[in-house]
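J.: Input structure: entry34.pdb, which contains PDB, C-alpha atoms.
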ATOM      1  CA  MET A   1      -6.540  -2.469  -2.325
ATOM      2  CA  HIS A   2      -9.413  -3.678  -0.151
ATOM      3  CA  PRO A   3     -11.185  -0.775   1.651
ATOM      4  CA  LEU A   4     -10.485  -2.263   5.099
ATOM      5  CA  ILE A   5      -6.750  -2.415   4.417
ATOM      6  CA  ASP A   6      -6.782   1.110   3.018
ATOM      7  CA  GLU A   7      -8.552   2.344   6.163
ATOM      8  CA  LEU A   8      -6.101   0.629   8.518
ATOM      9  CA  VAL A   9      -2.976   1.761   6.681
ATOM     10  CA  SER A  10      -4.210   5.354   6.450
ATOM     11  CA  ARG A  11      -3.932   5.656  10.246
ATOM     12  CA  GLY A  12      -0.207   4.898  10.257
ATOM     13  CA  PRO A  13       1.693   1.759  11.317
ATOM     14  CA  VAL A  14      -0.640  -0.984  12.544
ATOM     15  CA  VAL A  15       0.338  -3.175  15.516
ATOM     16  CA  THR A  16      -0.649  -6.823  15.118
ATOM     17  CA  ASP A  17      -0.231  -9.620  17.666
ATOM     18  CA  GLY A  18       2.525 -12.016  18.697
ATOM     19  CA  ALA A  19       3.041 -15.770  18.839
ATOM     20  CA  TRP A  20       0.200 -18.191  19.520
ATOM     21  CA  GLY A  21       1.846 -21.619  19.528
ATOM     22  CA  THR A  22       4.430 -20.822  22.177
ATOM     23  CA  GLN A  23       1.769 -19.094  24.283
ATOM     24  CA  LEU A  24      -0.478 -22.159  24.126
ATOM     25  CA  HIS A  25       2.446 -24.403  25.104
ATOM     26  CA  GLU A  26       2.934 -22.226  28.186
ATOM     27  CA  ARG A  27      -0.704 -22.952  29.038
ATOM     28  CA  GLY A  28      -0.181 -26.711  28.824
ATOM     29  CA  LEU A  29      -0.531 -27.661  25.160
ATOM     30  CA  PRO A  30       1.519 -30.870  24.788
ATOM     31  CA  VAL A  31       4.384 -30.901  22.294
ATOM     32  CA  GLY A  32       3.165 -32.511  19.083
ATOM     33  CA  ALA A  33      -0.516 -31.901  19.814
ATOM     34  CA  CYS A  34      -2.652 -29.962  17.324
ATOM     35  CA  PRO A  35      -3.061 -26.419  18.732
ATOM     36  CA  ASP A  36      -6.242 -25.874  16.728
ATOM     37  CA  GLY A  37      -7.939 -28.746  18.547
ATOM     38  CA  TRP A  38      -8.004 -26.577  21.649
ATOM     39  CA  ASN A  39     -10.620 -24.361  19.953
ATOM     40  CA  LEU A  40     -13.086 -27.099  20.856
ATOM     41  CA  THR A  41     -11.541 -28.685  23.959
ATOM     42  CA  GLN A  42      -9.855 -25.738  25.750
ATOM     43  CA  PRO A  43     -11.462 -22.589  24.300
ATOM     44  CA  GLU A  44     -10.955 -20.589  27.487
ATOM     45  CA  LYS A  45      -7.164 -21.016  27.263
ATOM     46  CA  VAL A  46      -7.144 -20.005  23.592
ATOM     47  CA  GLU A  47      -9.192 -16.938  24.492
ATOM     48  CA  GLU A  48      -6.653 -16.062  27.204
ATOM     49  CA  VAL A  49      -3.988 -15.736  24.499
ATOM     50  CA  ALA A  50      -6.157 -13.623  22.229
ATOM     51  CA  ARG A  51      -7.342 -11.380  25.043
ATOM     52  CA  ALA A  52      -3.802 -10.844  26.318
ATOM     53  CA  TYR A  53      -2.803  -9.439  22.938
ATOM     54  CA  VAL A  54      -5.806  -7.131  22.803
ATOM     55  CA  GLU A  55      -4.965  -5.829  26.271
ATOM     56  CA  ALA A  56      -1.328  -5.359  25.200
ATOM     57  CA  GLY A  57      -2.477  -3.053  22.405
ATOM     58  CA  SER A  58      -2.813  -5.229  19.308
ATOM     59  CA  GLU A  59      -5.004  -3.552  16.717
ATOM     60  CA  ILE A  60      -5.259  -6.859  14.855
ATOM     61  CA  ILE A  61      -5.344 -10.313  16.420
ATOM     62  CA  LEU A  62      -5.167 -13.616  14.593
ATOM     63  CA  THR A  63      -7.040 -16.858  15.221
ATOM     64  CA  ASN A  64      -5.947 -20.308  16.367
ATOM     65  CA  THR A  65      -6.676 -21.819  12.937
ATOM     66  CA  PHE A  66      -3.218 -22.075  11.338
ATOM     67  CA  SER A  67      -3.482 -25.847  10.756
ATOM     68  CA  SER A  68      -7.229 -26.096  10.175
ATOM     69  CA  ASN A  69      -7.253 -27.243   6.565
ATOM     70  CA  ARG A  70      -8.401 -30.745   5.650
ATOM     71  CA  ILE A  71      -4.993 -31.981   4.487
ATOM     72  CA  THR A  72      -3.131 -30.936   7.636
ATOM     73  CA  LEU A  73      -5.903 -31.990  10.006
ATOM     74  CA  ALA A  74      -5.998 -35.478   8.461
ATOM     75  CA  ARG A  75      -2.584 -36.148  10.045
ATOM     76  CA  GLN A  76      -4.194 -35.592  13.453
ATOM     77  CA  GLY A  77      -7.358 -37.527  12.670
ATOM     78  CA  LEU A  78      -9.393 -34.306  12.586
ATOM     79  CA  ALA A  79     -10.225 -33.978   8.886
ATOM     80  CA  ASP A  80     -13.945 -33.997   9.646
ATOM     81  CA  GLN A  81     -13.600 -30.992  11.968
ATOM     82  CA  VAL A  82     -12.608 -28.309   9.438
ATOM     83  CA  ALA A  83     -15.750 -26.191   9.741
ATOM     84  CA  ALA A  84     -16.071 -26.605  13.515
ATOM     85  CA  LEU A  85     -12.444 -25.708  14.274
ATOM     86  CA  ASN A  86     -12.383 -22.659  12.020
ATOM     87  CA  ARG A  87     -15.718 -21.309  13.199
ATOM     88  CA  ALA A  88     -14.731 -21.803  16.827
ATOM     89  CA  GLY A  89     -11.344 -20.164  16.244
ATOM     90  CA  VAL A  90     -12.917 -17.050  14.755
ATOM     91  CA  ALA A  91     -15.571 -16.901  17.471
ATOM     92  CA  ILE A  92     -12.923 -17.096  20.209
ATOM     93  CA  SER A  93     -10.896 -14.223  18.768
ATOM     94  CA  ARG A  94     -14.021 -12.149  18.137
ATOM     95  CA  ARG A  95     -15.016 -12.521  21.786
ATOM     96  CA  ALA A  96     -11.541 -11.519  22.910
ATOM     97  CA  ALA A  97     -11.401  -8.574  20.510
ATOM     98  CA  ASP A  98     -14.792  -7.298  21.689
ATOM     99  CA  GLY A  99     -14.696  -4.552  19.070
ATOM    100  CA  ARG A 100     -11.288  -3.286  20.190
ATOM    101  CA  ALA A 101      -9.281  -5.083  17.491
ATOM    102  CA  LYS A 102      -9.855  -6.544  14.037
ATOM    103  CA  VAL A 103      -9.802 -10.331  13.659
ATOM    104  CA  PHE A 104      -7.592 -11.639  10.833
ATOM    105  CA  ALA A 105      -7.872 -15.416  10.597
ATOM    106  CA  SER A 106      -4.664 -17.433  10.340
ATOM    107  CA  VAL A 107      -4.262 -19.945   7.493
ATOM    108  CA  GLY A 108      -1.045 -21.935   7.123
ATOM    109  CA  PRO A 109       0.279 -24.214   4.362
ATOM    110  CA  THR A 110      -0.869 -27.791   3.887
ATOM    111  CA  GLY A 111       2.576 -29.298   4.360
ATOM    112  CA  VAL A 112       2.573 -30.992   0.957
ATOM    113  CA  MET A 113       5.056 -30.192  -1.812
ATOM    114  CA  LEU A 114       3.199 -29.535  -5.044
ATOM    115  CA  MET A 115       6.296 -30.175  -7.132
ATOM    116  CA  MET A 116       6.402 -33.784  -5.895
ATOM    117  CA  GLY A 117       2.987 -34.451  -7.412
ATOM    118  CA  ASP A 118       1.687 -36.401  -4.413
ATOM    119  CA  VAL A 119      -1.330 -34.093  -4.100
ATOM    120  CA  ALA A 120      -2.953 -32.345  -7.061
ATOM    121  CA  PRO A 121      -3.106 -28.524  -7.030
ATOM    122  CA  ALA A 122      -6.891 -28.739  -7.352
ATOM    123  CA  GLU A 123      -7.062 -30.751  -4.124
ATOM    124  CA  VAL A 124      -4.885 -28.230  -2.303
ATOM    125  CA  ARG A 125      -6.981 -25.328  -3.570
ATOM    126  CA  ALA A 126     -10.173 -27.122  -2.520
ATOM    127  CA  ALA A 127      -8.760 -27.606   0.991
ATOM    128  CA  PHE A 128      -8.041 -23.887   1.288
ATOM    129  CA  ALA A 129     -11.454 -23.007  -0.158
ATOM    130  CA  GLU A 130     -13.204 -25.183   2.437
ATOM    131  CA  GLN A 131     -11.254 -23.557   5.262
ATOM    132  CA  VAL A 132     -11.655 -19.932   4.201
ATOM    133  CA  ARG A 133     -15.393 -20.369   3.545
ATOM    134  CA  ALA A 134     -15.844 -21.443   7.160
ATOM    135  CA  ILE A 135     -13.709 -18.516   8.309
ATOM    136  CA  ALA A 136     -15.701 -16.012   6.254
ATOM    137  CA  GLU A 137     -19.021 -17.422   7.460
ATOM    138  CA  ALA A 138     -17.815 -17.057  11.060
ATOM    139  CA  GLY A 139     -17.256 -13.328  10.602
ATOM    140  CA  ALA A 140     -13.490 -12.778  10.344
ATOM    141  CA  ASP A 141     -12.419  -9.372   9.028
ATOM    142  CA  ALA A 142      -9.588 -10.698   6.832
ATOM    143  CA  ILE A 143      -7.384 -13.738   6.286
ATOM    144  CA  VAL A 144      -3.635 -14.019   6.849
ATOM    145  CA  LEU A 145      -1.928 -16.693   4.756
ATOM    146  CA  GLU A 146       1.296 -17.149   6.705
ATOM    147  CA  THR A 147       4.496 -19.179   6.881
ATOM    148  CA  PHE A 148       4.362 -20.330   3.250
ATOM    149  CA  ALA A 149       7.554 -21.477   1.499
ATOM    150  CA  ASP A 150       6.130 -22.319  -1.946
ATOM    151  CA  PRO A 151       4.676 -19.378  -3.898
ATOM    152  CA  ALA A 152       2.660 -21.780  -6.065
ATOM    153  CA  GLU A 153       0.803 -23.071  -3.002
ATOM    154  CA  LEU A 154       0.335 -19.541  -1.674
ATOM    155  CA  VAL A 155      -1.197 -18.419  -4.980
ATOM    156  CA  LEU A 156      -3.756 -21.237  -4.687
ATOM    157  CA  ALA A 157      -4.624 -20.016  -1.192
ATOM    158  CA  ILE A 158      -4.951 -16.395  -2.381
ATOM    159  CA  GLU A 159      -7.341 -17.501  -5.109
ATOM    160  CA  ALA A 160      -9.498 -19.251  -2.510
ATOM    161  CA  VAL A 161      -9.549 -16.183  -0.240
ATOM    162  CA  LYS A 162     -10.491 -13.846  -3.089
ATOM    163  CA  GLU A 163     -13.657 -15.895  -3.625
ATOM    164  CA  THR A 164     -14.812 -14.946  -0.104
ATOM    165  CA  GLY A 165     -14.441 -11.208  -0.687
ATOM    166  CA  LEU A 166     -12.213 -10.858   2.386
ATOM    167  CA  PRO A 167      -8.808  -9.132   2.233
ATOM    168  CA  ALA A 168      -5.878 -11.504   1.738
ATOM    169  CA  VAL A 169      -2.565 -10.981   3.543
ATOM    170  CA  ALA A 170       0.059 -13.215   1.884
ATOM    171  CA  CYS A 171       3.260 -14.004   3.824
ATOM    172  CA  MET A 172       6.287 -16.129   3.010
ATOM    173  CA  VAL A 173       9.148 -17.430   5.154
ATOM    174  CA  PHE A 174      12.614 -16.286   4.070
ATOM    175  CA  ASP A 175      15.003 -18.479   6.028
ATOM    176  CA  SER A 176      17.250 -20.085   3.392
ATOM    177  CA  GLY A 177      20.427 -19.153   1.511
ATOM    178  CA  LYS A 178      23.581 -17.697   2.991
ATOM    179  CA  ASP A 179      21.844 -14.367   3.655
ATOM    180  CA  ARG A 180      18.538 -15.940   4.772
ATOM    181  CA  ASP A 181      16.791 -14.051   1.973
ATOM    182  CA  ARG A 182      15.304 -17.013   0.096
ATOM    183  CA  THR A 183      12.373 -19.273   0.800
ATOM    184  CA  LEU A 184      12.935 -23.017   1.018
ATOM    185  CA  MET A 185      11.998 -23.131  -2.680
ATOM    186  CA  GLY A 186      14.612 -20.487  -3.546
ATOM    187  CA  THR A 187      12.172 -17.608  -4.037
ATOM    188  CA  THR A 188      13.551 -14.086  -3.461
ATOM    189  CA  PRO A 189      11.561 -11.258  -1.851
ATOM    190  CA  GLU A 190      11.274  -9.523  -5.218
ATOM    191  CA  GLN A 191       9.963 -12.633  -6.954
ATOM    192  CA  ALA A 192       7.496 -13.277  -4.155
ATOM    193  CA  ALA A 193       6.225  -9.686  -4.103
ATOM    194  CA  ARG A 194       5.586  -9.628  -7.831
ATOM    195  CA  GLN A 195       3.927 -13.057  -7.943
ATOM    196  CA  LEU A 196       1.703 -12.461  -4.919
ATOM    197  CA  THR A 197       0.709  -9.002  -6.135
ATOM    198  CA  ASP A 198      -0.252 -10.433  -9.510
ATOM    199  CA  ALA A 199      -2.309 -13.101  -7.722
ATOM    200  CA  GLY A 200      -4.378 -10.405  -6.033
ATOM    201  CA  ALA A 201      -3.030 -10.274  -2.473
ATOM    202  CA  ASP A 202      -4.058  -7.086  -0.652
ATOM    203  CA  VAL A 203      -1.015  -7.116   1.648
ATOM    204  CA  ILE A 204       2.394  -8.730   1.072
ATOM    205  CA  GLY A 205       4.651  -9.825   3.865
ATOM    206  CA  SER A 206       6.920 -12.206   5.701
ATOM    207  CA  ASN A 207       6.806 -13.976   9.034
ATOM    208  CA  CYS A 208       8.832 -16.464  11.050
ATOM    209  CA  GLY A 209      12.188 -17.906   9.998
ATOM    210  CA  GLN A 210      14.526 -15.468  11.748
ATOM    211  CA  GLY A 211      14.878 -12.645  14.253
ATOM    212  CA  ILE A 212      13.703  -9.096  13.694
ATOM    213  CA  ASP A 213      17.087  -7.705  12.587
ATOM    214  CA  GLY A 214      16.942  -9.698   9.358
ATOM    215  CA  PHE A 215      13.496  -8.371   8.527
ATOM    216  CA  VAL A 216      14.608  -4.783   7.901
ATOM    217  CA  LYS A 217      16.237  -5.690   4.582
ATOM    218  CA  LEU A 218      13.408  -8.088   3.741
ATOM    219  CA  ALA A 219      10.816  -5.363   4.335
ATOM    220  CA  ALA A 220      12.749  -2.910   2.178
ATOM    221  CA  ARG A 221      13.067  -5.387  -0.680
ATOM    222  CA  LEU A 222       9.393  -6.363  -0.535
ATOM    223  CA  HIS A 223       8.355  -2.718  -0.362
ATOM    224  CA  ALA A 224      10.469  -1.831  -3.395
ATOM    225  CA  ALA A 225       8.872  -4.601  -5.474
ATOM    226  CA  THR A 226       5.179  -3.918  -4.811
ATOM    227  CA  GLU A 227       2.765  -1.085  -4.116
ATOM    228  CA  ARG A 228       0.880  -3.248  -1.625
ATOM    229  CA  PRO A 229       1.320  -2.582   2.124
ATOM    230  CA  ILE A 230       3.945  -4.710   3.876
ATOM    231  CA  TRP A 231       3.213  -7.054   6.805
ATOM    232  CA  ILE A 232       6.092  -8.178   9.060
ATOM    233  CA  LYS A 233       6.024 -10.639  11.985
ATOM    234  CA  ALA A 234       9.493 -11.625  13.173
ATOM    235  CA  ASN A 235      10.582 -14.248  15.680
ATOM    236  CA  ALA A 236      12.093 -13.368  19.053
ATOM    237  CA  GLY A 237      15.493 -14.350  17.682
ATOM    238  CA  LEU A 238      16.413 -17.909  16.733
ATOM    239  CA  PRO A 239      15.309 -20.741  19.038
ATOM    240  CA  GLN A 240      17.736 -22.492  21.359
ATOM    241  CA  ILE A 241      17.241 -25.752  23.255
ATOM    242  CA  VAL A 242      17.886 -25.272  26.981
ATOM    243  CA  ASP A 243      17.249 -28.190  29.354
ATOM    244  CA  GLY A 244      15.066 -29.803  26.724
ATOM    245  CA  ARG A 245      12.938 -26.687  26.235
ATOM    246  CA  THR A 246      12.792 -24.365  23.224
ATOM    247  CA  VAL A 247      13.858 -20.897  24.352
ATOM    248  CA  TYR A 248      13.903 -17.571  22.498
ATOM    249  CA  ALA A 249      16.504 -15.285  24.010
ATOM    250  CA  GLN A 250      15.633 -11.873  22.568
ATOM    251  CA  THR A 251      13.976  -9.430  24.967
ATOM    252  CA  PRO A 252      10.935  -7.277  24.168
ATOM    253  CA  GLU A 253      13.079  -4.159  24.488
ATOM    254  CA  LYS A 254      15.715  -5.346  21.988
ATOM    255  CA  PHE A 255      12.959  -6.447  19.605
ATOM    256  CA  ALA A 256      11.190  -3.095  19.796
ATOM    257  CA  GLN A 257      14.397  -1.146  19.142
ATOM    258  CA  VAL A 258      14.328  -2.414  15.553
ATOM    259  CA  VAL A 259      10.701  -1.432  14.908
ATOM    260  CA  PRO A 260      11.433   2.169  13.779
ATOM    261  CA  ALA A 261      13.872   0.799  11.182
ATOM    262  CA  LEU A 262      11.178  -1.630   9.990
ATOM    263  CA  ILE A 263       8.735   1.234   9.512
ATOM    264  CA  GLU A 264      11.407   3.248   7.696
ATOM    265  CA  ALA A 265      11.983   0.239   5.429
ATOM    266  CA  GLY A 266       8.326   0.243   4.426
ATOM    267  CA  ALA A 267       6.450  -1.992   6.881
ATOM    268  CA  SER A 268       2.836  -0.960   7.510
ATOM    269  CA  PHE A 269       1.888  -3.851   9.821
ATOM    270  CA  VAL A 270       4.234  -4.983  12.606
ATOM    271  CA  GLY A 271       3.901  -7.789  15.132
ATOM    272  CA  GLY A 272       5.727 -10.867  16.329
ATOM    273  CA  CYS A 273       5.964 -14.558  15.488
ATOM    274  CA  CYS A 274       7.520 -17.490  17.385
ATOM    275  CA  GLY A 275       8.652 -16.697  20.909
ATOM    276  CA  THR A 276       7.059 -13.255  21.122
ATOM    277  CA  THR A 277       4.551 -12.467  23.875
ATOM    278  CA  PRO A 278       2.125  -9.710  24.896
ATOM    279  CA  GLU A 279       5.119  -7.948  26.470
ATOM    280  CA  PHE A 280       6.688  -7.705  23.014
ATOM    281  CA  ILE A 281       3.529  -6.084  21.667
ATOM    282  CA  ARG A 282       3.520  -3.540  24.499
ATOM    283  CA  ALA A 283       7.143  -2.722  23.682
ATOM    284  CA  VAL A 284       6.324  -2.343  19.981
ATOM    285  CA  ARG A 285       3.501   0.069  20.769
ATOM    286  CA  ALA A 286       5.772   2.079  23.071
ATOM    287  CA  ALA A 287       8.451   2.277  20.361
ATOM    288  CA  LEU A 288       5.938   3.549  17.827
ATOM    289  CA  LYS A 289       4.640   6.178  20.259
ATOM    290  CA  ARG A 290       8.176   7.457  20.760
TER     291      ARG A 290
END
Is it possible to express this structure as structure tokens?

T.:
Amino acid sequence: MHPLIDELVSRGPVVTDGAWGTQLHERGLPVGACPDGWNLTQPEKVEEVARAYVEAGSEIILTNTFSSNRITLARQGLADQVAALNRAGVAISRRAADGRAKVFASVGPTGVMLMMGDVAPAEVRAAFAEQVRAIAEAGADAIVLETFADPAELVLAIEAVKETGLPAVACMVFDSGKDRDRTLMGTTPEQAARQLTDAGADVIGSNCGQGIDGFVKLAARLHAATERPIWIKANAGLPQIVDGRTVYAQTPEKFAQVVPALIEAGASFVGGCCGTTPEFIRAVRAALKR
């Protein structure tokens, strides 16, 4: 395990941050716009999100760089901005953290399906390598590979992160199957844990896809299949469309009530994904104190 991860885990459960996309939308990000573009055009609003999580008690905050790989950015006409967007994203979160929290940079999937053969694995790996080099050069403490459905793509991303020397947190989305315990590709938690551990991930986890109640079993199954620490970031329930707006109905209090069970199941890092806010992080911290 990477020394930084060992140090963090040795202190007990670590509180991460909550959602970024929904927080940026509340600050005026148009639907369909690239959130990462705001690192250059609206950095003060991105920093508001990061700072709010630090003030809520997050010990780790992410960066607004989820989509900042060349393949994804090309769809927005921003393929030539990879280095600038990633460096700005890390710098924004570092300013907000101000030494009070670690900065783990967010890296999401490319959106291509390797099994279709439209994009070669080497091209995908090169896109991740370009992104994580910029992140490492900007001074991030670690990298979170999140919301992946295809373990083959995630392994390519882990390989790229390992070349930087930074810790790699590898997370998959389990939102398919009758029990919502499979990825879109049919991967089980046990299969994912073994494959990602073998690839060299320092932390194994899951984010997005469902509300926090479903993550207790997922955390237990991941924990049983690997010796790596477990990272969990659940949604604030499942989204609903109300008056044309996406709404997450779960309250911070209901979310936090499940946190002790998550820790009992083996989670070492706990935060929130879509729909969660700084209030959720405050509630999580309060639950852990109790």

J.: Could you list, as a ChimeraX atom specification, every residue within 10 Å of Gln76 (chain A), counting only C-alpha atoms and ignoring same-chain residues fewer than 2 positions away?

T.: /A:32-34,37,71-74,78-79

J.: If you apply the PyMOL selection byres ((chain A and resi 286) around 12) to this file, what residues do you get, as a ChimeraX atom specification?

T.: /A:15,56-58,252-253,255-257,259-260,279-285,287-290

J.: Hey, could you make a per-residue contact list for region 138-245 of chain A against region 114-117 of chain A with 10 Å as the cut-off, showing the nearest pair of atoms and its distance in Å to one decimal, counting all atoms listed in the file, sorted by chain and number, as CSV?

T.:
residue,atom,partner,partner_atom,distance
A:Asp150,CA,A:Leu114,CA,8.4
A:Ala152,CA,A:Leu114,CA,7.8
A:Glu153,CA,A:Leu114,CA,7.2

J.: Within 6 Å of region 230-232 of chain A, counting all atoms listed in the file, which residues show up once you throw out same-chain ones fewer than 4 positions away? Write them as a list in words, please.

T.: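 Near neighbours after the sequence-gap exclusion: Val203, Ile204, Gly205, Ser206, Asn207, Ala267, Ser268, Phe269 and Val270 of chain A.
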
J.: Near region 212-227 of chain A, within 9 Å and counting all atoms listed in the file, which residues show up once chain neighbours fewer than 5 positions away are dropped, as a PyMOL selection string?

T.: chain A and resi 174+179-181+189-194+197+204-207+232-237+255-256+258-259+261-267+272

J.: So that I can check the surroundings of Ala91 (chain A), please list as a list of chain:residue names every protein, DNA and RNA residue that reaches within 8 Å of it, counting all atoms listed in the file and ignoring chain neighbours fewer than 3 positions away.

T.: A:Arg87, A:Ala88, A:Arg94, A:Arg95, A:Ala138, A:Gly139

J.: Determine the residue membership of the PyMOL selection byres ((chain A and resi 59) around 8) for the file above and supply it as a list in words.

T.: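 This file gives the following for the PyMOL selection byres ((chain A and resi 59) around 8): Val14, Val15, Thr16, Asp17, Val54, Gly57, Ser58, Ile60, Ile61, Arg100, Ala101 and Lys102 of chain A.
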
J.: List, as a ChimeraX atom specification, every residue that the PyMOL selection byres ((chain A and resi 160-173) around 7) selects in the file provided.

T.: /A:2,125,128-129,132-133,136,141-149,156-159,174-175,183,201-209

J.: Quick one, how far is CA of Thr110 (chain A) from CA of Gln210 (chain A)?

T.: 21.2 Å

J.: Nearest to Ser10 (chain A): which of A:Pro229, A:Gly111, A:Gly99, A:Gly186 is it, counting only C-alpha atoms?

T.: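 Smallest distance to Ser10 (chain A) is found for A:Pro229.
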
J.: Which centre and edge lengths in Å to one decimal define the box along x, y and z that fits every listed atom of region 260-267 of chain A plus 3 Å per side, as AutoDock Vina command-line options?

T.:
--center_x 10.2 --center_y 0.6 --center_z 9.1 --size_x 13.4 --size_y 11.2 --size_z 15.4

J.: Please, which residues are within 7 Å of (-10.7, -15.7, 14.8) by the file's coordinates, counting all atoms listed in the file, and could they come as an MDAnalysis selection string?

T.: chainID A and resid 62:64 89:94 103:105 140

J.: Generate N, CA and C atoms for region 246-270 of chain A and emit them as an mmCIF file, in the coordinates of the input.

T.:
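Once everything was written out, this is rebuild.cif:
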data_model
loop_
_atom_site.group_PDB
_atom_site.id
_atom_site.type_symbol
_atom_site.label_atom_id
_atom_site.label_comp_id
_atom_site.auth_asym_id
_atom_site.auth_seq_id
_atom_site.Cartn_x
_atom_site.Cartn_y
_atom_site.Cartn_z
ATOM 1 N N THR A 246 12.479 -25.343 24.267
ATOM 2 C CA THR A 246 12.792 -24.365 23.224
ATOM 3 C C THR A 246 12.691 -22.968 23.817
ATOM 4 N N VAL A 247 13.786 -22.216 23.727
ATOM 5 C CA VAL A 247 13.858 -20.897 24.352
ATOM 6 C C VAL A 247 14.234 -19.852 23.298
ATOM 7 N N TYR A 248 13.573 -18.709 23.362
ATOM 8 C CA TYR A 248 13.903 -17.571 22.498
ATOM 9 C C TYR A 248 14.505 -16.489 23.387
ATOM 10 N N ALA A 249 15.738 -16.108 23.081
ATOM 11 C CA ALA A 249 16.504 -15.285 24.010
ATOM 12 C C ALA A 249 16.255 -13.786 23.885
ATOM 13 N N GLN A 250 15.753 -13.320 22.755
ATOM 14 C CA GLN A 250 15.633 -11.873 22.568
ATOM 15 C C GLN A 250 14.600 -11.276 23.523
ATOM 16 N N THR A 251 14.895 -10.099 24.042
ATOM 17 C CA THR A 251 13.976 -9.430 24.967
ATOM 18 C C THR A 251 13.006 -8.536 24.203
ATOM 19 N N PRO A 252 11.871 -8.202 24.814
ATOM 20 C CA PRO A 252 10.935 -7.277 24.168
ATOM 21 C C PRO A 252 11.579 -5.937 23.829
ATOM 22 N N GLU A 253 12.450 -5.462 24.707
ATOM 23 C CA GLU A 253 13.079 -4.159 24.488
ATOM 24 C C GLU A 253 13.993 -4.176 23.271
ATOM 25 N N LYS A 254 14.823 -5.231 23.141
ATOM 26 C CA LYS A 254 15.715 -5.346 21.988
ATOM 27 C C LYS A 254 14.915 -5.502 20.699
ATOM 28 N N PHE A 255 13.838 -6.251 20.766
ATOM 29 C CA PHE A 255 12.959 -6.447 19.605
ATOM 30 C C PHE A 255 12.384 -5.105 19.158
ATOM 31 N N ALA A 256 11.861 -4.353 20.122
ATOM 32 C CA ALA A 256 11.190 -3.095 19.796
ATOM 33 C C ALA A 256 12.151 -2.037 19.269
ATOM 34 N N GLN A 257 13.420 -2.131 19.630
ATOM 35 C CA GLN A 257 14.397 -1.146 19.142
ATOM 36 C C GLN A 257 14.521 -1.158 17.622
ATOM 37 N N VAL A 258 14.189 -2.286 17.002
ATOM 38 C CA VAL A 258 14.328 -2.414 15.553
ATOM 39 C C VAL A 258 13.071 -1.936 14.817
ATOM 40 N N VAL A 259 11.977 -1.769 15.547
ATOM 41 C CA VAL A 259 10.701 -1.432 14.908
ATOM 42 C C VAL A 259 10.756 -0.132 14.103
ATOM 43 N N PRO A 260 11.355 0.954 14.607
ATOM 44 C CA PRO A 260 11.433 2.169 13.779
ATOM 45 C C PRO A 260 12.136 1.935 12.439
ATOM 46 N N ALA A 261 13.173 1.110 12.434
ATOM 47 C CA ALA A 261 13.872 0.799 11.182
ATOM 48 C C ALA A 261 12.969 0.002 10.246
ATOM 49 N N LEU A 262 12.129 -0.872 10.806
ATOM 50 C CA LEU A 262 11.178 -1.630 9.990
ATOM 51 C C LEU A 262 10.187 -0.692 9.310
ATOM 52 N N ILE A 263 9.684 0.272 10.071
ATOM 53 C CA ILE A 263 8.735 1.234 9.512
ATOM 54 C C ILE A 263 9.413 2.064 8.421
ATOM 55 N N GLU A 264 10.644 2.480 8.687
ATOM 56 C CA GLU A 264 11.407 3.248 7.696
ATOM 57 C C GLU A 264 11.624 2.427 6.425
ATOM 58 N N ALA A 265 11.763 1.126 6.580
ATOM 59 C CA ALA A 265 11.983 0.239 5.429
ATOM 60 C C ALA A 265 10.714 -0.016 4.630
ATOM 61 N N GLY A 266 9.558 0.375 5.187
ATOM 62 C CA GLY A 266 8.326 0.243 4.426
ATOM 63 C C GLY A 266 7.248 -0.623 5.045
ATOM 64 N N ALA A 267 7.468 -1.155 6.249
ATOM 65 C CA ALA A 267 6.450 -1.992 6.881
ATOM 66 C C ALA A 267 5.266 -1.153 7.346
ATOM 67 N N SER A 268 4.063 -1.627 7.058
ATOM 68 C CA SER A 268 2.836 -0.960 7.510
ATOM 69 C C SER A 268 2.176 -1.707 8.662
ATOM 70 N N PHE A 269 2.427 -3.014 8.751
ATOM 71 C CA PHE A 269 1.888 -3.851 9.821
ATOM 72 C C PHE A 269 3.063 -4.521 10.526
ATOM 73 N N VAL A 270 3.112 -4.414 11.851
ATOM 74 C CA VAL A 270 4.234 -4.983 12.606
ATOM 75 C C VAL A 270 3.718 -5.756 13.810
#
